[in-house]
Every structure is written in structure tokens, then in C-alpha cells.
$ cat data_0.txt   # compact mmCIF, C-alpha atoms
# COMPACT_ATOMS: atom_id res chain seq x y z
CA MET A 1 -6.91 38.82 4.19
CA GLU A 2 -6.42 35.28 2.87
CA LYS A 3 -6.02 32.68 5.61
CA LYS A 4 -2.64 30.95 5.65
CA LYS A 5 -2.75 27.35 4.44
CA ILE A 6 -1.43 24.52 6.58
CA LYS A 7 1.80 23.35 4.88
CA ILE A 8 2.61 19.63 5.00
CA LEU A 9 5.68 17.77 3.77
CA GLN A 10 4.96 14.15 2.88
CA PHE A 11 8.10 12.02 3.13
CA PRO A 12 9.06 9.79 1.43
CA ILE A 13 7.26 8.81 -1.74
CA ALA A 14 8.78 6.64 -4.48
CA ASN A 15 8.46 5.92 -8.18
CA SER A 16 5.94 3.17 -7.64
CA ASN A 17 2.26 2.72 -7.04
CA GLY A 18 3.14 1.05 -3.75
CA GLY A 19 1.30 1.47 -0.49
CA ILE A 20 2.95 4.56 1.00
CA THR A 21 3.09 6.53 -2.25
CA HIS A 22 -0.48 5.59 -3.16
CA TYR A 23 -1.64 6.55 0.35
CA ALA A 24 0.05 9.97 0.35
CA LEU A 25 -1.10 10.89 -3.16
CA GLU A 26 -4.67 9.66 -2.67
CA ASN A 27 -5.00 11.67 0.55
CA TRP A 28 -3.72 14.79 -1.22
CA LYS A 29 -6.22 14.22 -4.01
CA TRP A 30 -9.08 14.37 -1.49
CA MET A 31 -7.71 17.11 0.77
CA ASP A 32 -9.22 20.61 0.90
CA LYS A 33 -6.69 22.55 -1.17
CA ASP A 34 -8.08 25.88 0.00
CA ARG A 35 -6.94 25.06 3.53
CA PHE A 36 -3.99 22.71 3.06
CA HIS A 37 -0.89 22.50 0.89
CA CYS A 38 1.20 19.33 0.44
CA ASP A 39 4.73 19.01 -0.90
CA PHE A 40 6.53 15.71 -1.43
CA ALA A 41 10.10 14.50 -0.98
CA THR A 42 11.61 11.42 -2.58
CA MET A 43 14.91 9.57 -2.95
CA SER A 44 13.82 8.24 -6.36
CA LYS A 45 15.71 9.69 -9.31
CA HIS A 46 12.45 10.54 -11.08
CA LEU A 47 8.70 10.10 -10.66
CA ASP A 48 6.64 8.89 -13.61
CA PHE A 49 3.68 10.82 -12.21
CA GLU A 50 5.60 14.06 -11.54
CA GLU A 51 3.37 16.20 -13.77
CA GLU A 52 0.26 14.97 -12.02
CA ILE A 53 1.65 16.16 -8.67
CA LEU A 54 2.96 19.48 -9.97
CA ALA A 55 -0.44 20.22 -11.54
CA THR A 56 -1.91 20.44 -8.02
CA GLY A 57 0.51 23.23 -7.11
CA SER A 58 2.73 20.95 -5.04
CA GLN A 59 6.51 20.86 -5.11
CA ILE A 60 8.62 17.71 -5.38
CA PHE A 61 12.03 17.58 -3.72
CA TYR A 62 14.50 15.03 -5.07
CA ILE A 63 16.95 14.03 -2.34
CA SER A 64 20.15 12.70 -3.91
CA CYS A 65 20.84 9.83 -1.49
CA TYR A 66 19.50 7.74 1.36
CA ALA A 67 20.61 8.64 4.89
CA GLU A 68 22.45 5.31 5.24
CA GLU A 69 24.42 6.07 2.04
CA ASP A 70 25.66 9.53 3.04
CA GLN A 71 24.27 10.82 6.31
CA GLU A 72 25.76 14.30 6.09
CA ARG A 73 24.60 14.97 2.53
CA PHE A 74 21.11 13.63 3.25
CA ALA A 75 20.85 15.74 6.43
CA ASN A 76 21.94 18.91 4.63
CA GLU A 77 19.44 18.38 1.81
CA PHE A 78 16.55 17.49 4.12
CA ARG A 79 17.33 20.38 6.46
CA ASP A 80 17.36 22.76 3.47
CA ILE A 81 13.89 21.55 2.40
CA LEU A 82 12.47 22.22 5.89
CA VAL A 83 14.09 25.63 6.27
CA LYS A 84 12.86 26.89 2.90
CA GLY A 85 9.45 25.27 3.19
CA ASP A 86 8.58 26.45 6.71
CA TYR A 87 6.25 23.46 7.18
CA ASP A 88 3.58 23.19 9.83
CA VAL A 89 3.57 19.40 9.54
CA VAL A 90 6.07 16.76 8.47
CA HIS A 91 4.31 13.45 7.82
CA LEU A 92 6.90 10.66 7.98
CA HIS A 93 5.77 7.43 6.34
CA THR A 94 7.79 4.55 7.78
CA LYS A 95 8.13 0.82 7.05
CA GLN A 96 11.06 -0.02 9.33
CA TRP A 97 13.63 1.65 11.54
CA LYS A 98 17.06 2.50 10.15
CA GLY A 99 17.62 5.53 12.36
CA PHE A 100 16.04 8.72 13.72
CA LEU A 101 17.89 11.33 11.62
CA VAL A 102 14.76 12.82 10.04
CA GLU A 103 12.98 13.00 13.40
CA GLU A 104 16.04 14.69 14.94
CA ILE A 105 16.23 17.29 12.16
CA CYS A 106 12.52 18.08 12.54
CA LYS A 107 12.98 18.54 16.28
CA GLU A 108 16.11 20.66 15.81
CA LEU A 109 14.25 23.01 13.45
CA GLY A 110 11.14 23.19 15.63
CA VAL A 111 8.62 21.71 13.19
CA PRO A 112 5.30 22.14 15.08
CA LYS A 113 3.84 18.73 14.18
CA VAL A 114 5.79 15.59 13.30
CA ILE A 115 3.79 12.45 12.49
CA VAL A 116 5.56 9.09 12.47
CA HIS A 117 3.26 6.74 10.56
CA SER A 118 3.79 2.96 10.50
CA HIS A 119 2.80 1.24 7.25
CA ASN A 120 4.12 -2.33 7.51
CA THR A 121 4.74 -5.34 9.73
CA ASP A 122 8.04 -6.79 8.48
CA VAL A 123 11.04 -6.09 6.27
CA ASP A 124 10.56 -6.39 2.51
CA THR A 125 14.06 -7.45 1.41
CA VAL A 126 14.57 -10.35 -1.00
CA ASP A 127 18.00 -11.50 0.14
CA SER A 128 17.55 -13.66 3.25
CA ALA A 129 20.81 -12.75 5.00
CA LYS A 130 20.33 -9.03 4.40
CA ARG A 131 16.69 -9.24 5.52
CA HIS A 132 17.69 -10.82 8.84
CA GLU A 133 20.34 -8.12 9.33
CA GLU A 134 17.77 -5.39 8.70
CA ILE A 135 15.25 -6.99 11.07
CA ALA A 136 17.88 -7.22 13.82
CA ALA A 137 18.87 -3.58 13.30
CA HIS A 138 15.19 -2.53 13.26
CA GLU A 139 14.54 -4.26 16.59
CA GLN A 140 17.56 -2.64 18.24
CA ILE A 141 16.71 0.85 16.98
CA LYS A 142 13.04 0.40 17.94
CA LYS A 143 14.04 0.03 21.60
CA ARG A 144 15.55 3.53 21.49
CA PHE A 145 12.50 5.23 20.03
CA ALA A 146 10.94 7.70 22.47
CA GLU A 147 7.61 9.52 22.55
CA ASN A 148 9.26 12.93 22.38
CA MET A 149 10.76 12.17 18.94
CA ALA A 150 7.38 12.97 17.35
CA THR A 151 4.18 14.79 18.24
CA ASP A 152 1.90 12.13 16.72
CA LEU A 153 2.22 8.35 16.29
CA TRP A 154 0.03 6.68 13.66
CA ALA A 155 -0.30 3.17 12.24
CA CYS A 156 -2.50 1.59 9.56
CA SER A 157 -3.26 -1.42 11.79
CA LYS A 158 -2.59 -2.74 15.28
CA ALA A 159 0.04 -5.12 13.88
CA ALA A 160 1.79 -2.20 12.14
CA ALA A 161 1.79 -0.28 15.42
CA ASP A 162 3.38 -3.23 17.23
CA PHE A 163 6.04 -3.60 14.54
CA LEU A 164 7.27 0.00 14.61
CA PHE A 165 6.67 1.18 18.16
CA GLY A 166 8.37 -0.57 21.07
CA GLU A 167 6.92 -1.66 24.39
CA GLN A 168 8.05 1.67 25.85
CA ILE A 169 5.33 3.46 23.84
CA PRO A 170 1.87 3.23 25.49
CA ARG A 171 -0.60 1.91 22.92
CA GLU A 172 -3.12 4.62 23.78
CA LYS A 173 -0.59 7.12 22.36
CA ILE A 174 -0.80 5.45 18.92
CA ARG A 175 -3.63 6.31 16.55
CA ILE A 176 -4.87 3.67 14.12
CA MET A 177 -5.55 5.59 10.91
CA PRO A 178 -7.35 3.49 8.28
CA ASN A 179 -6.00 3.40 4.72
CA ALA A 180 -9.27 4.50 3.15
CA ILE A 181 -10.52 4.28 -0.44
CA ASP A 182 -12.87 5.97 -2.88
CA VAL A 183 -15.75 3.60 -2.20
CA ASP A 184 -17.84 4.54 -5.24
CA LYS A 185 -14.89 4.03 -7.58
CA PHE A 186 -14.50 0.36 -6.63
CA THR A 187 -18.15 -0.64 -6.25
CA PHE A 188 -19.24 -3.61 -8.38
CA ASP A 189 -20.60 -2.64 -11.78
CA PRO A 190 -21.79 -5.42 -14.13
CA HIS A 191 -21.44 -3.18 -17.20
CA THR A 192 -17.77 -2.47 -16.45
CA ARG A 193 -17.24 -6.18 -15.81
CA LYS A 194 -18.67 -7.09 -19.22
CA ARG A 195 -16.63 -4.40 -20.96
CA TYR A 196 -13.31 -5.42 -19.39
CA ARG A 197 -13.84 -9.13 -19.94
CA GLU A 198 -14.65 -8.50 -23.60
CA LYS A 199 -11.70 -6.15 -24.02
CA TYR A 200 -9.21 -8.74 -22.75
CA GLY A 201 -10.89 -11.85 -24.16
CA LEU A 202 -11.99 -13.17 -20.78
CA GLN A 203 -15.72 -13.68 -21.45
CA ASP A 204 -15.68 -17.43 -20.81
CA ARG A 205 -12.77 -17.54 -18.39
CA PHE A 206 -12.46 -18.00 -14.66
CA VAL A 207 -10.31 -15.03 -13.69
CA ILE A 208 -8.06 -15.06 -10.63
CA GLY A 209 -6.59 -11.67 -9.79
CA HIS A 210 -3.76 -10.13 -7.78
CA VAL A 211 -2.72 -6.49 -7.29
CA GLY A 212 0.67 -5.65 -5.83
CA ARG A 213 4.34 -4.92 -6.33
CA PHE A 214 6.49 -7.80 -7.53
CA ALA A 215 8.40 -8.00 -4.26
CA TYR A 216 9.32 -10.50 -1.54
CA GLN A 217 6.44 -9.34 0.65
CA LYS A 218 3.73 -10.10 -1.93
CA ASN A 219 4.80 -13.73 -2.48
CA HIS A 220 4.04 -14.05 -6.20
CA ARG A 221 6.11 -17.23 -6.45
CA PHE A 222 3.63 -19.01 -4.17
CA LEU A 223 0.67 -17.71 -6.18
CA ILE A 224 2.15 -19.04 -9.43
CA LYS A 225 2.57 -22.47 -7.81
CA VAL A 226 -1.09 -22.37 -6.76
CA PHE A 227 -2.17 -21.32 -10.24
CA ARG A 228 -0.15 -24.11 -11.86
CA GLU A 229 -2.22 -26.68 -9.94
CA ILE A 230 -5.48 -24.85 -10.69
CA ALA A 231 -4.66 -24.72 -14.42
CA LYS A 232 -4.25 -28.51 -14.43
CA LYS A 233 -7.85 -28.86 -13.25
CA MET A 234 -9.45 -25.84 -14.94
CA ASP A 235 -8.53 -25.19 -18.55
CA ASP A 236 -10.53 -21.97 -18.53
CA ALA A 237 -8.61 -20.47 -15.57
CA ARG A 238 -6.64 -17.27 -16.14
CA LEU A 239 -4.41 -15.33 -13.75
CA VAL A 240 -4.19 -11.52 -13.94
CA LEU A 241 -1.25 -9.82 -12.19
CA LEU A 242 -1.31 -6.03 -11.79
CA GLY A 243 1.81 -4.14 -10.74
CA ASP A 244 5.55 -4.08 -11.31
CA GLY A 245 8.66 -4.30 -9.19
CA GLU A 246 12.09 -5.81 -8.75
CA LEU A 247 10.92 -9.43 -9.11
CA PHE A 248 8.82 -8.85 -12.23
CA SER A 249 11.22 -10.62 -14.63
CA GLU A 250 11.81 -13.45 -12.20
CA ILE A 251 8.09 -14.19 -11.96
CA GLN A 252 7.74 -13.99 -15.74
CA GLU A 253 10.45 -16.65 -16.01
CA GLN A 254 8.65 -18.83 -13.46
CA VAL A 255 5.44 -18.56 -15.50
CA LYS A 256 7.25 -19.51 -18.71
CA GLY A 257 9.01 -22.39 -16.97
CA TYR A 258 5.66 -23.82 -15.87
CA GLY A 259 4.28 -23.50 -19.42
CA LEU A 260 1.64 -20.98 -18.31
CA ALA A 261 2.56 -18.00 -20.51
CA ASP A 262 -0.76 -18.22 -22.42
CA LYS A 263 -2.78 -18.31 -19.19
CA VAL A 264 -1.17 -15.47 -17.17
CA ILE A 265 -1.76 -11.80 -18.00
CA PHE A 266 0.91 -9.36 -16.78
CA ALA A 267 -1.09 -6.13 -16.80
CA GLY A 268 1.78 -4.05 -15.38
CA LYS A 269 1.51 -0.78 -13.47
CA THR A 270 -1.86 0.60 -14.47
CA ASP A 271 -4.34 3.33 -13.56
CA ASP A 272 -7.38 1.13 -14.24
CA VAL A 273 -7.11 -1.18 -11.21
CA ALA A 274 -10.76 -0.52 -10.34
CA GLY A 275 -11.87 -1.82 -13.75
CA TRP A 276 -9.75 -4.94 -13.44
CA TYR A 277 -11.41 -5.82 -10.11
CA GLN A 278 -14.71 -5.95 -11.97
CA ALA A 279 -13.28 -8.45 -14.47
CA MET A 280 -12.01 -10.83 -11.77
CA ASP A 281 -13.88 -13.80 -10.29
CA VAL A 282 -11.69 -14.23 -7.21
CA PHE A 283 -8.96 -12.12 -5.62
CA CYS A 284 -5.85 -13.71 -4.09
CA LEU A 285 -3.32 -12.04 -1.79
CA PRO A 286 -0.78 -14.59 -0.45
CA SER A 287 1.41 -11.96 1.25
CA ARG A 288 4.07 -12.96 3.72
CA PHE A 289 3.05 -9.87 5.70
CA GLU A 290 1.03 -6.64 5.27
CA GLY A 291 0.71 -3.37 7.12
CA LEU A 292 -2.98 -3.58 6.28
CA GLY A 293 -3.59 -4.87 2.75
CA ILE A 294 -5.59 -2.02 1.21
CA VAL A 295 -6.16 -4.06 -1.98
CA LEU A 296 -8.33 -6.40 0.10
CA ILE A 297 -10.53 -3.44 1.04
CA GLU A 298 -10.79 -2.49 -2.63
CA ALA A 299 -11.53 -6.06 -3.73
CA GLN A 300 -14.23 -6.54 -1.10
CA THR A 301 -15.78 -3.24 -2.16
CA ALA A 302 -15.97 -4.71 -5.68
CA GLY A 303 -17.94 -7.63 -4.25
CA LEU A 304 -15.12 -10.11 -4.85
CA LYS A 305 -14.46 -13.27 -2.88
CA CYS A 306 -10.98 -12.86 -1.42
CA ILE A 307 -8.44 -15.45 -0.33
CA THR A 308 -5.51 -14.16 1.69
CA SER A 309 -2.83 -15.40 4.06
CA ILE A 310 -3.20 -15.73 7.81
CA ASP A 311 -0.40 -13.15 8.14
CA VAL A 312 -2.61 -10.30 6.91
CA PRO A 313 -4.08 -8.02 9.66
CA GLU A 314 -7.57 -8.80 10.95
CA GLU A 315 -8.70 -5.24 10.17
CA THR A 316 -9.22 -6.38 6.57
CA HIS A 317 -12.04 -8.71 7.66
CA ILE A 318 -14.91 -6.42 6.70
CA THR A 319 -17.30 -8.73 4.83
CA GLU A 320 -18.05 -12.45 4.72
CA ASN A 321 -16.28 -12.55 1.34
CA ILE A 322 -12.80 -13.05 2.76
CA VAL A 323 -11.03 -16.19 3.96
CA TYR A 324 -7.60 -16.44 5.62
CA LEU A 325 -5.46 -19.49 4.85
CA PRO A 326 -1.99 -20.75 5.77
CA LEU A 327 0.47 -20.69 2.89
CA GLU A 328 -0.16 -24.28 1.78
CA VAL A 329 -0.65 -24.75 -1.96
CA SER A 330 -3.32 -27.46 -1.71
CA LYS A 331 -5.54 -25.38 0.59
CA TRP A 332 -5.40 -22.40 -1.77
CA VAL A 333 -6.13 -24.58 -4.79
CA ASP A 334 -9.19 -26.09 -3.10
CA ALA A 335 -10.44 -22.66 -1.97
CA VAL A 336 -10.16 -21.14 -5.46
CA ILE A 337 -11.68 -24.10 -7.28
CA GLY A 338 -14.54 -24.09 -4.76
CA LEU A 339 -15.62 -20.74 -6.22
CA ARG A 340 -15.78 -21.87 -9.86
CA THR A 341 -19.57 -22.26 -9.76
CA GLY A 342 -19.89 -18.52 -9.20
CA TYR A 343 -21.58 -16.30 -6.63
CA LEU A 344 -23.63 -13.11 -6.49
CA ARG A 345 -21.60 -9.89 -6.54
CA THR A 346 -23.43 -7.30 -4.43
CA ASP A 347 -23.09 -3.61 -3.53
CA MET A 348 -20.81 -3.45 -0.49
CA ARG A 349 -20.59 0.32 -0.12
CA SER A 350 -22.50 0.54 3.16
CA ARG A 351 -20.40 -2.22 4.73
CA ILE A 352 -17.14 -0.57 3.75
CA ARG A 353 -18.32 2.84 4.97
CA GLU A 354 -19.53 1.41 8.29
CA ALA A 355 -16.10 -0.17 8.77
CA GLY A 356 -14.48 3.27 8.44
CA TYR A 357 -12.73 2.96 5.08
CA ASP A 358 -14.49 5.72 3.13
CA ILE A 359 -11.83 8.28 2.20
CA SER A 360 -14.34 11.14 1.99
CA LYS A 361 -14.87 10.67 5.76
CA VAL A 362 -11.34 9.65 6.80
CA ILE A 363 -9.75 12.63 5.05
CA LYS A 364 -11.68 14.95 7.39
CA LYS A 365 -10.05 13.21 10.37
CA ILE A 366 -6.63 13.55 8.77
CA GLU A 367 -7.19 17.25 8.02
CA LYS A 368 -8.28 17.82 11.62
CA SER A 369 -5.14 16.02 12.83
CA TYR A 370 -2.92 18.31 10.73
CA ILE A 371 -4.20 21.47 12.42
$ encode --input "data_0.txt" --output "C-alpha cells"
Amino acid sequence: MEKKKIKILQFPIANSNGGITHYALENWKWMDKDRFHCDFATMSKHLDFEEEILATGSQIFYISCYAEEDQERFANEFRDILVKGDYDVVHLHTKQWKGFLVEEICKELGVPKVIVHSHNTDVDTVDSAKRHEEIAAHEQIKKRFAENMATDLWACSKAAADFLFGEQIPREKIRIMPNAIDVDKFTFDPHTRKRYREKYGLQDRFVIGHVGRFAYQKNHRFLIKVFREIAKKMDDARLVLLGDGELFSEIQEQVKGYGLADKVIFAGKTDDVAGWYQAMDVFCLPSRFEGLGIVLIEAQTAGLKCITSIDVPEETHITENIVYLPLEVSKWVDAVIGLRTGYLRTDMRSRIREAGYDISKVIKKIEKSYI
């Protein structure tokens, strides 16, 4: 008799390659599909990568609204998914508190395992007034969160745990679960570097790179200001930006306004991020905040020197190739230009694995936690 698979609902994912969606899909890619089955729920109207998910045998549930838009309709749709799916686990990926409706529905229906998983350390809303309102609401709701609302509490870093879980939750109850990567995929490869630099005409260029959504959190506007000063001093400097998002057009306009259109490459949302890391000479992440900053793990695996903000969690400090700076343009300019003479890119696989970021190992812990 075939053994019953553990059924997991991953909620929510979105039509982006952002942190939570990337995390959920990458974990499913590595999971033992003979023992586990994942379905996914989203409030996005469509998913560009729908076929890729369906090909694994998973289902995608499109919820027609957010809970804050129509609480009753959302609750009915989410409840229907749980009743029909008969899930053993509901894995709730959370960035901030807006309420406990999903947790309450899971409890009402007796879902055996409910994981509340913190993925960020602040609110990623562009409008300042709205952001402050959301932060205030988050802090008030956080005080009401109780241990019995979930069976498991996870976070991608200590800072992410502090942001989502109030003082009433003992820290020993929270599990820090690393956002792990396919280490071999990102390891430095000189042949790939040569191929990518030739493909994009970067053979004799000093390439500064960034990977991330065009959003308030990622602070592209600051990076463009830094690059403007670098370009004045280094004619061969080029900036490569991977990703898309709500501020994409705004940043394009900033680049044009600075007269940098011929020096900035907007690579868009792409599946070849690993190849682009090889082409870069330095990686910059000037985020206003991060749950972890998985791109820094990837970049260090690729042997890149990384410059990031002091507001990024300390868990990203895996190698000597990373420096944390305050968000002051002159300090970033000096740090980047200081790397123009080059450095030796080395194989960092053992360091990354020792630090606990190898997905082939971490996925076993996750699978064990689902049982």
C-alpha cells in the first residue's frame, strides 16, 4: 500500500521573483516528492511561472482578494481551500502583521501543523504616511499574537524574529531557518564569467551589480546616486540591475536624468541570475532593511566582494568578502572604487556549507519539521 504523502499548503506566493516566492518554490524544487506534496495559494491575478509549478503536480489556488479588502470573501475562499485540500501543514510566509484571520481559520479547521514564518524586518511601502500607518498597526497587532495561534514559529534571521514576534513569545520557541541556496549553482566559474562578459559587451568594464525588486526596501535611488559619482571617476564603470517591481520606471527615469542610460543595464526579471553574478566585479545591496538578504549569500558564494548597508542582518557575514556601511554616498563610492584594481575570486562552497546555507542539507531539516 502506497504511503500517504504529507500535504503542505504554501501561502502566499506572488507574481514576482521576490524573497518569499523564491523561497517557497526553491524549497519545493528540492523536496522529496515521493514523500511530500506542496500546493500554493496566491492573491496575484496570474503567475508567469504557473506552468512550471503545475508540471510538478502541484495545484495553484487564486484567491480573489486580500483579507483587508473583503474579509468574508477571503475567509470563505481560504476555508474552502483547506477543507478540500485536507492539508497536514499550512506554511504561512509573513512579512508584517495585518491580522490573524488565516491563523484563526487553520485553528478552526484543526490543521495539524501551522507554521508562521517571518521573512522581513520592516514594512516595504513606498508612501511614507501609509508606511507609518502600517508599522503602527503591525506593532499593535504583534502585541496580541499568542503562541497557541501556531504550532511552529520560524524566522530567517534573529532580526526577522524580533520584528514579527512580540516580547510575549519566548525566543527559544522561535526557530531560525536559513534561506539556503544551491551552492554549486552559484560557485565562481571563470568560463561562465568570460562568456557573460563577452555576451553583454563587458569585457573591459568594471561591473557593479545588484539583484532585487525595484521597491522601497531595496533603495535603488541611493545606488544610482552612488553610481553617478563612480561614473564621474571611472569611465569604464557599468551598473547591472536585475529584477523588476513597482519602482522600475521611476529608477529608469532617474538614470536618464543623470545621463547614465548608456552605463546602466536593466536586465529585468531573469532566470540567469547565477550567470550574472559571474560577470560582476562587485555586488552592492544598499537595502533599508532585509529579513536576511539571500542575494548576499549567493554573491559571496560566487566569490564576489559585497558592499551592503548596516541595516542588513549579521547572519549574512559568512566570508571576509563583505563590508557593511552606513547609507552615505561618499563611503560607498570610496568602497567600490577601492576594488577597481581587482581581487582573486575563489571557491567559497565549503564556507557557505559550513555556515548552514546549503539547500541540499537545509531541505532535510524542513522536511523533518513538516512531519
$ closest_atom_pairs --input "data_0.txt" --of "stretch 10-88 of chain A" --to "stretch 203-218 of chain A" --cutoff "12 Å" --atoms "all atoms listed in the file" --output "Markdown table"
| residue | atom | partner | partner_atom | distance |
| --- | --- | --- | --- | --- |
| A:Asn15 | CA | A:Arg213 | CA | 11.7 |
| A:Ser16 | CA | A:Arg213 | CA | 8.4 |
| A:Asn17 | CA | A:Arg213 | CA | 7.9 |
| A:Gly18 | CA | A:Arg213 | CA | 6.6 |
| A:Gly19 | CA | A:Gly212 | CA | 8.9 |
| A:His22 | CA | A:Gly212 | CA | 11.6 |
$ closest_residue --input "data_0.txt" --among "A:Ser330, A:Thr346, A:Thr319, A:Ser287" --to "A:Phe188" --atoms "all atoms listed in the file"
A:Thr346
$ residues_around --input "data_0.txt" --residues "A:Ser249" --least-positions-apart "5" --cutoff "12 Å" --atoms "only C-alpha atoms" --output "list in words"
Phe214, Ala215, His220, Arg221, Asp244, Gln254, Val255, Lys256, Phe266 and Gly268 of chain A
$ residues_near_point --input "data_0.txt" --point "(4.2, 14.9, 8.9)" --cutoff "6 Å" --atoms "only C-alpha atoms" --output "PyMOL selection string"
chain A and resi 89-92+114-115
$ closest_residue --input "data_0.txt" --among "A:His119, A:Lys194, A:Arg79, A:Lys84" --to "A:Ile20" --atoms "all atoms listed in the file"
A:His119
$ closest_residue --input "data_0.txt" --among "A:Ala24, A:Leu339, A:Ile63, A:Leu285" --to "A:Tyr324" --atoms "all atoms listed in the file"
A:Leu285
$ closest_residue --input "data_0.txt" --among "A:Thr270, A:Asn120, A:Gln71, A:Asn27" --to "A:Lys361" --atoms "all atoms listed in the file"
A:Asn27
$ residues_around --input "data_0.txt" --residues "A:Phe61" --least-positions-apart "5" --cutoff "10 Å" --atoms "all atoms listed in the file" --output "short mmCIF file (atom, residue, chain, number, x, y, z; two decimals) with C-alpha atoms, in the frame of the given file"
data_model
loop_
_atom_site.label_atom_id
_atom_site.label_comp_id
_atom_site.auth_asym_id
_atom_site.auth_seq_id
_atom_site.Cartn_x
_atom_site.Cartn_y
_atom_site.Cartn_z
CA LEU A 9 5.68 17.77 3.77
CA PHE A 11 8.10 12.02 3.13
CA PRO A 12 9.06 9.79 1.43
CA ASP A 39 4.73 19.01 -0.90
CA PHE A 40 6.53 15.71 -1.43
CA ALA A 41 10.10 14.50 -0.98
CA THR A 42 11.61 11.42 -2.58
CA MET A 43 14.91 9.57 -2.95
CA SER A 44 13.82 8.24 -6.36
CA GLU A 77 19.44 18.38 1.81
CA PHE A 78 16.55 17.49 4.12
CA ILE A 81 13.89 21.55 2.40
#
$ residues_around --input "data_0.txt" --residues "A:Ala180" --least-positions-apart "5" --cutoff "8 Å" --atoms "all atoms listed in the file" --output "compact mmCIF listing (two decimals) with C-alpha atoms, in the coordinates of the input"
# COMPACT_ATOMS: atom_id res chain seq x y z
CA ILE A 294 -5.59 -2.02 1.21
CA GLY A 356 -14.48 3.27 8.44
CA TYR A 357 -12.73 2.96 5.08
CA ASP A 358 -14.49 5.72 3.13
CA ILE A 359 -11.83 8.28 2.20
CA VAL A 362 -11.34 9.65 6.80
$ closest_residue --input "data_0.txt" --among "A:Lys331, A:Asn219, A:Lys107, A:Leu292" --to "A:Glu250" --atoms "only C-alpha atoms"
A:Asn219
$ residues_around --input "data_0.txt" --residues "A:Lys7" --least-positions-apart "4" --cutoff "10 Å" --atoms "all atoms listed in the file" --output "PyMOL selection string"
chain A and resi 35-39+85-90+370-371
$ residues_around --input "data_0.txt" --residues "A:Ala231" --least-positions-apart "6" --cutoff "12 Å" --atoms "all atoms listed in the file" --output "ChimeraX atom specification"
/A:205-208,224-225,237-239,255,258-264,333,336-337
